[in-house]
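Structure first, then comments.
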Amino acid sequence: MEGIQLTKRRVSLFLVFALVVLAFAGCGGNAPAEEATSEGTETATTEATDVASDVEQTLIWNLGSDPKTIDPGLNAASDGGHVTNNTFEGLMREIDGKLEPAMAESYTMSEDGMTYTFIMRDGVKWSDGKPLTANDFEYSWSRVVDPETASEYSWIFDEVNVESWKAIDEKTFEVKLTSPTPYFVGLTAFYTFFPVRQDMVETAGEGAWATNPETSISNGPFKVTSFQAGDRIILEPNEFYWRAEEVKLDKIEALMIVDSATALTGYESGQIQILDDMPSAEIPRLLAEDPTFMILPNDAVYYYAFNTQVEPMDNVLVRKALSLAIDRQAVVDTVTKAGQIPAHSLIPGGHLDANGDMFNEVSGTYGIAPSAQAEEAQALLAEAGYPNGEGFPSLEIMYNTSEGHKNIAEAIQEMWKQNLGIDVTLTNQEWAVFQSSRIEHNFQIARAGWIGDYSDPMTYLGMFTSGGTNNYSQWNNEEFDALLEASKTASGQERFEILYQADKLLSEAYAVMPIYYYTDPQMVSDTVQGWEKTTRATFYFGRAQMIAAE
């Protein structure tokens with residue numbers, strides 16, 4: 001289906017546990033769209049209606065954290081993705097679960113599926129009124145892959161077979177691929193592929209230009225008018241946006257309230273209209289009592305990364321023992337409580353192979369069960385030289401500051417104590433610091449999560465190529481790298497057979513510990529209409545508006 005219309009949003013539960021293959025690309029860690037159809041998937045949208053002129057058009061939304069960056073070319077997280085999806089726009093955009101022309105009014109594909117030609121829309125402009133051209137896309141994409149930019153997402157061009165790009169003239173942008181890639185077009189709606197203005201970028205390094213209202217020139221429905229680190233981001237309409245007449249909101253205040261209990265109090269008192277992080281302990285009550293609480297599907301996995309280059313995580317027996325010793329079912333039933341599914345691999349359900357079979361069903365479970373396998377885990381730890389946990393070195397779980405992540409870490413800490421006899425300490429870091437610590441591999445075990453950037457197993461497997469930015473585990477395997485490279489020129493079921501081999505190598509190395517497949521719980525006040533969340537779980541407010549409370 002194209003999308004679910006939640007006209008009144010009187011929905012208390014909205015669960016889809018088996019997402020069927022999407023035709024849209026999304027955000028990795030965070031979320032856009034894909035290609036032609038989202039058949040079998042569901043997105044959240046609400047119909048906008050005419051509203052009285054006396055209703056204040058200010059939306060207060062809890063972003064939940066202080067984004068590390070809101071520079072599209074540098075961003076690698078969902079919080080920054082939410083902001084950039086509302087302030088910038090790519091060649092295409094996802095609307096109501098379908099991919100639509102945006103900065104490009106049309107495109108053509110060559111017969112071999114390897115050359116795309118995008119024709120720019122007439123009269124598109126930046127938020128300061130200056131023309132936006134194909135040259136801006138050429139600069140922006142080239143900037144992302146320039147090593148000096150240090151973009152955390154530069155790898156995606158190679159992963160999705162993008163070979164070259166150039167502005168033929170101001171209205172024509174040509175992209176060449178190394179092999180046919182059906183989901184490529186959808187990725188042009190993803191933030192890494194958004195345009196940025198060269199003269200603004202060069203005013204300040206490391207994305208600082210994007211947080212300064214004087215230099216944060218954008219091309220989406222909103223522009224940044226205030227960025228108060230640790231407090232809020234204020235967005236206001238971009239008068240030069242090509243669909244400016246559809247923008248109803250006068251202001252969006254994106255708050256940075258990390259504590260979910262505080263945010264929920266603000267929502268229930270009417271001070272916040274949208275949030276998507278609430279205390280796990282409150283979910284049963286909200287599900288039963290609050291008609292604005294809903295749970296949306298999410299193509300994403302929550303996992304722990306094991307740093308395979310430090311002791312004792314350099315021992316595969318230890319990593320496997322730790323993975324088998326946790327009770328994933330107990331985590332989702334008693335800790336997270338939002339319909340999550342215990343994970344047996346990194347790849348969630350919904351990804352189909354060329355035969356139409358579910359990838360993570362064909363692959364098997366790799367011996368991972370929903371409940372703890374304590375005896376097998378104990379035997380593995382003993383084989384590693386630590387019978388009953390004796391002599392086991394100090395071990396630390398690191399997570400970003402969040403009550404939810406803390407609760408999960410505490411549950412796993414207790415499981416490892418009970419089932420393996422080992423003591424584990426916990427430490428937390430603020431989001432921006434934590435992201436840097438993971439990339440720099442300054443941890444033993446680190447919490448991680450991934451939202452598929454597009455609907456294909458490669459969006460998960462591709463993270464673990466040797467030396468990859470998102471390969472927090474530092475797991476390196478030449479055979480795995482070769483398989484992924486080979487998959488880029490293969491097609492049909494032959495390609496998926498290669499990906500099955502790669503998945504087996506990664507899973508049996510236990511470089512990561514998959515814990516559960518996400519769902520997307522959220523609350524949206526009845527005073528908000530026209531809001532959307534893409535198939536990649538990213539908010540879009542370009543057609544949202546406020547209405548009077550009933």
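So you can find residues: chains in the structure tokens are A, B, ... in the order shown, residues in each start at 1, and ligands are numbered from 1 in order.
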
Residues of segment 486-544 of chain A in strand (DSSP E), written as a list in words:
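Across segment 486-544 of chain A, those assigned strand (DSSP E) are Val512, Met513, Pro514, Ile515, Tyr516, Tyr517, Tyr518, Thr519, Asp520, Pro521, Gln522, Met523, Val524, Val528, Gln529, Glu532, Lys533, Phe539 and Tyr540 of chain A.
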
Need to verify the contact set: segment 208-224 of chain A, 9 Å, only C-alpha atoms, exclusion of same-chain residues closer than 5 positions in sequence. Can you return it as a VMD selection string?
chain A and resid 69 to 72 84 to 90 103 124 to 128 132 195 to 197 199 to 203 233 to 244 246 to 247 251 to 252 541 to 543

Choose the residue, out of A:Glu174, A:Asp158, A:Glu152, A:Asp353, that has the smallest atom-to-atom separation from Phe137 of chain A; count only C-alpha atoms.
A:Glu174

Distance of atom CA of Glu396 of chain A from atom CA of Val424 of chain A, expressed in Å to one decimal place:
5.5 Å

Pick out the residues sitting within 12 Å of Glu148 of chain A, and hand them over as a PyMOL selection string; count only C-alpha atoms, and ignore anything fewer than 6 positions along from it in its own chain.
chain A and resi 74+142+154+205-206

Which neighbours of Phe539 of chain A fall inside 6 Å, counting only C-alpha atoms, when residues of the same chain fewer than 3 positions from it are skipped, and could you give them as a PyMOL selection string?
chain A and resi 82+532-533

Tell me, counting only C-alpha atoms, for each residue of segment 427-494 of chain A within 8 Å of segment 283-300 of chain A, which pair of atoms is nearest and how far apart they are in Å to one decimal, in rows ordered by chain and increasing number, as CSV.
```
residue,atom,partner,partner_atom,distance
A:Gly449,CA,A:Ala300,CA,7.2
A:Trp450,CA,A:Ala300,CA,5.4
A:Ile451,CA,A:Ala300,CA,4.2
A:Gly452,CA,A:Asp299,CA,5.9
```

Spatial neighbours of Ala102 of chain A, 7 Å, only C-alpha atoms, chain gap at least 4 places, as a list in words
Gly90, Leu91, Met92 and Arg93 of chain A

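Atom CA of Asn407 of chain A lies 14.8 Å from atom CA of Gln429 of chain A.
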
Write out as an mmCIF file with C-alpha atoms, in the first residue's frame which residues come within 12 Å of Trp141 of chain A when counting only C-alpha atoms, dropping same-chain ones fewer than 5 positions away.
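What ended up in selection.cif:
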```cif
data_model
loop_
_atom_site.group_PDB
_atom_site.id
_atom_site.type_symbol
_atom_site.label_atom_id
_atom_site.label_comp_id
_atom_site.auth_asym_id
_atom_site.auth_seq_id
_atom_site.Cartn_x
_atom_site.Cartn_y
_atom_site.Cartn_z
ATOM 1 C CA PRO A 72 23.728 16.856 5.531
ATOM 2 C CA GLY A 73 27.097 15.752 4.218
ATOM 3 C CA LEU A 74 28.481 15.038 7.684
ATOM 4 C CA GLY A 90 17.350 16.200 -2.625
ATOM 5 C CA ALA A 134 22.989 21.058 -10.943
ATOM 6 C CA ASN A 135 26.426 22.453 -10.090
ATOM 7 C CA ASP A 136 25.398 22.541 -6.426
ATOM 8 C CA ASP A 146 36.618 14.106 -0.398
ATOM 9 C CA THR A 149 35.655 16.362 4.562
ATOM 10 C CA SER A 151 32.173 12.448 6.154
ATOM 11 C CA TYR A 153 28.823 8.484 5.111
ATOM 12 C CA SER A 154 31.278 8.781 2.214
ATOM 13 C CA TRP A 155 31.288 4.980 1.881
ATOM 14 C CA ILE A 156 27.679 4.899 0.708
ATOM 15 C CA PHE A 157 28.595 6.033 -2.814
ATOM 16 C CA VAL A 162 27.819 5.201 -7.746
ATOM 17 C CA GLU A 163 30.815 5.631 -10.027
ATOM 18 C CA SER A 164 30.670 9.269 -11.153
ATOM 19 C CA TRP A 165 28.481 12.358 -11.326
ATOM 20 C CA LYS A 166 28.646 15.677 -13.097
ATOM 21 C CA ALA A 167 26.605 18.727 -13.988
ATOM 22 C CA PHE A 173 22.833 16.288 -13.609
ATOM 23 C CA VAL A 175 25.052 9.981 -12.551
ATOM 24 C CA THR A 188 18.681 10.784 -3.772
ATOM 25 C CA PHE A 190 18.593 10.712 1.630
ATOM 26 C CA TYR A 191 20.465 13.457 3.466
ATOM 27 C CA THR A 192 23.963 12.483 2.323
ATOM 28 C CA PHE A 193 22.843 13.291 -1.229
ATOM 29 C CA PHE A 194 21.278 16.664 -0.361
ATOM 30 C CA PRO A 195 22.826 19.808 -1.882
ATOM 31 C CA VAL A 196 24.714 22.345 0.223
ATOM 32 C CA ARG A 197 26.013 25.753 -0.837
ATOM 33 C CA GLN A 198 29.757 25.913 -1.315
#
```

Residues near Ala409 of chain A, cut-off 10 Å, only C-alpha atoms, skip fewer than 6 positions along chain, as a list in words
Tyr304, Val331, Ile397, Met398, Tyr399, Glu403, Met415, Val424, Thr425, Leu426, Thr427, Ala446 and Arg447 of chain A
